[in-house]
$ cat data30.cif   # mmCIF, C-alpha atoms
data_entry
loop_
_atom_site.group_PDB
_atom_site.id
_atom_site.type_symbol
_atom_site.label_atom_id
_atom_site.label_comp_id
_atom_site.auth_asym_id
_atom_site.auth_seq_id
_atom_site.Cartn_x
_atom_site.Cartn_y
_atom_site.Cartn_z
ATOM 1 C CA GLN A 1 -35.386 -87.710 -14.959
ATOM 2 C CA ARG A 2 -33.348 -86.298 -12.064
ATOM 3 C CA HIS A 3 -30.896 -83.466 -12.428
ATOM 4 C CA PRO A 4 -28.379 -82.915 -9.668
ATOM 5 C CA ILE A 5 -28.133 -79.448 -8.229
ATOM 6 C CA GLU A 6 -24.915 -78.498 -6.566
ATOM 7 C CA VAL A 7 -24.507 -75.409 -4.434
ATOM 8 C CA LYS A 8 -21.053 -74.432 -3.343
ATOM 9 C CA SER A 9 -20.200 -71.792 -0.827
ATOM 10 C CA GLU A 10 -16.522 -71.368 -0.262
ATOM 11 C CA VAL A 11 -14.396 -68.718 1.322
ATOM 12 C CA ALA A 12 -10.925 -68.255 -0.078
ATOM 13 C CA LEU A 13 -8.327 -66.594 2.109
ATOM 14 C CA LEU A 14 -5.065 -65.047 0.967
ATOM 15 C CA ASN A 15 -2.610 -63.632 3.477
ATOM 16 C CA VAL A 16 0.073 -61.341 2.101
ATOM 17 C CA SER A 17 2.918 -59.521 3.756
ATOM 18 C CA THR A 18 3.773 -55.878 3.341
ATOM 19 C CA ASP A 19 6.700 -53.731 4.304
ATOM 20 C CA GLY A 20 6.447 -51.078 7.011
ATOM 21 C CA SER A 21 4.872 -48.594 4.630
ATOM 22 C CA GLY A 22 2.210 -51.014 3.385
ATOM 23 C CA ARG A 23 3.799 -51.859 0.042
ATOM 24 C CA LEU A 24 3.329 -55.357 -1.314
ATOM 25 C CA SER A 25 6.449 -57.339 -2.127
ATOM 26 C CA PRO A 26 6.820 -58.594 -5.719
ATOM 27 C CA GLN A 27 5.893 -62.080 -4.471
ATOM 28 C CA ALA A 28 2.793 -60.728 -2.695
ATOM 29 C CA ARG A 29 1.776 -58.846 -5.859
ATOM 30 C CA GLN A 30 2.010 -62.117 -7.795
ATOM 31 C CA GLN A 31 -0.083 -63.891 -5.164
ATOM 32 C CA VAL A 32 -2.763 -61.185 -5.296
ATOM 33 C CA ALA A 33 -2.747 -61.275 -9.108
ATOM 34 C CA GLY A 34 -3.172 -65.060 -9.057
ATOM 35 C CA PHE A 35 -6.029 -64.728 -6.587
ATOM 36 C CA PHE A 36 -7.863 -62.211 -8.774
ATOM 37 C CA ASN A 37 -7.216 -64.264 -11.894
ATOM 38 C CA ALA A 38 -8.830 -67.290 -10.214
ATOM 39 C CA TYR A 39 -11.674 -65.123 -8.894
ATOM 40 C CA ARG A 40 -12.344 -63.789 -12.368
ATOM 41 C CA ALA A 41 -12.529 -67.342 -13.736
ATOM 42 C CA ASP A 42 -14.544 -69.043 -10.986
ATOM 43 C CA GLY A 43 -15.383 -66.590 -8.219
ATOM 44 C CA SER A 44 -18.352 -64.531 -7.246
ATOM 45 C CA GLY A 45 -19.444 -62.472 -4.311
ATOM 46 C CA ALA A 46 -17.693 -59.943 -2.175
ATOM 47 C CA ILE A 47 -13.978 -59.565 -1.658
ATOM 48 C CA GLU A 48 -12.875 -58.207 1.705
ATOM 49 C CA ILE A 49 -9.505 -56.633 2.396
ATOM 50 C CA GLN A 50 -8.615 -56.825 6.069
ATOM 51 C CA THR A 51 -5.813 -54.565 7.204
ATOM 52 C CA ALA A 52 -3.899 -55.073 10.412
ATOM 53 C CA VAL A 53 -2.309 -51.636 10.583
ATOM 54 C CA GLY A 54 -3.791 -48.192 10.310
ATOM 55 C CA GLY A 55 -3.093 -44.962 8.541
ATOM 56 C CA ARG A 56 -1.028 -44.556 5.414
ATOM 57 C CA ALA A 57 0.268 -48.135 5.391
ATOM 58 C CA ALA A 58 -3.269 -49.530 5.245
ATOM 59 C CA ALA A 59 -4.208 -47.068 2.509
ATOM 60 C CA GLN A 60 -1.107 -48.060 0.523
ATOM 61 C CA THR A 61 -1.965 -51.768 0.789
ATOM 62 C CA GLU A 62 -5.599 -51.190 -0.135
ATOM 63 C CA GLY A 63 -4.615 -49.060 -3.129
ATOM 64 C CA GLU A 64 -2.199 -51.656 -4.468
ATOM 65 C CA ILE A 65 -4.719 -54.470 -4.075
ATOM 66 C CA ARG A 66 -7.462 -52.414 -5.734
ATOM 67 C CA SER A 67 -5.175 -51.538 -8.656
ATOM 68 C CA ILE A 68 -4.381 -55.217 -9.218
ATOM 69 C CA ALA A 69 -8.105 -56.027 -9.028
ATOM 70 C CA ALA A 70 -8.800 -53.409 -11.702
ATOM 71 C CA ILE A 71 -6.227 -55.012 -14.017
ATOM 72 C CA TYR A 72 -8.228 -58.240 -13.774
ATOM 73 C CA GLY A 73 -11.539 -56.479 -14.345
ATOM 74 C CA ILE A 74 -12.814 -56.883 -10.793
ATOM 75 C CA PRO A 75 -15.272 -54.047 -10.087
ATOM 76 C CA GLY A 76 -14.332 -51.846 -7.153
ATOM 77 C CA GLY A 77 -17.844 -52.309 -5.790
ATOM 78 C CA ASN A 78 -17.056 -55.992 -5.159
ATOM 79 C CA ILE A 79 -14.321 -55.012 -2.693
ATOM 80 C CA THR A 80 -14.857 -53.920 0.892
ATOM 81 C CA VAL A 81 -12.266 -53.031 3.492
ATOM 82 C CA SER A 82 -12.218 -53.725 7.208
ATOM 83 C CA GLY A 83 -9.677 -53.491 9.980
ATOM 84 C CA SER A 84 -8.107 -50.914 12.168
ATOM 85 C CA GLY A 85 -6.749 -48.951 9.236
ATOM 86 C CA SER A 86 -9.807 -48.773 7.040
ATOM 87 C CA SER A 87 -12.152 -45.920 6.510
ATOM 88 C CA MET A 88 -14.568 -48.052 4.463
ATOM 89 C CA HIS A 89 -16.832 -50.839 5.779
#
$ encode --input "data30.cif" --output "structure tokens"
Amino acid sequence: QRHPIEVKSEVALLNVSTDGSGRLSPQARQQVAGFFNAYRADGSGAIEIQTAVGGRAAAQTEGEIRSIAAIYGIPGGNITVSGSGSSMH
């Protein structure tokens, strides 16, 4: 008897906007929360935060995204950061 094996490899991308200081808008926070909720249900693998700006704004964005991830039980070790503003790779 044959048993089908299915392997899926998919990259999900979520672009969110921030204000000048790196804060997520309420709509962006909802989008990030929805992303992590879906990841928790069906996702696996690494999550990468890419920042386009440096300094405090990037740190603010990263912190907000990480705090939302924690609410959904996503381990911090699953998240990496890249971009001009990151200090982590």
$ closest_residue --input "data30.cif" --among "A:Gln1, A:Gly63, A:Ser17, A:Ala12" --to "Gly45 in chain A" --atoms "only C-alpha atoms"
A:Ala12
$ atom_distance --input "data30.cif" --atom1 "CA of Thr51 in chain A" --atom2 "CA of Ala28 in chain A"
14.5 Å
$ atom_distance --input "data30.cif" --atom1 "CA of Ile5 in chain A" --atom2 "CA of Phe35 in chain A"
26.6 Å
$ resolve_selection --input "data30.cif" --expression "the PyMOL selection byres ((chain A and resi 75) around 12)" --output "ChimeraX atom specification"
/A:36,39-40,44-47,66-74,76-80
$ atom_distance --input "data30.cif" --atom1 "CA of Val16 in chain A" --atom2 "CA of Arg29 in chain A"
8.5 Å
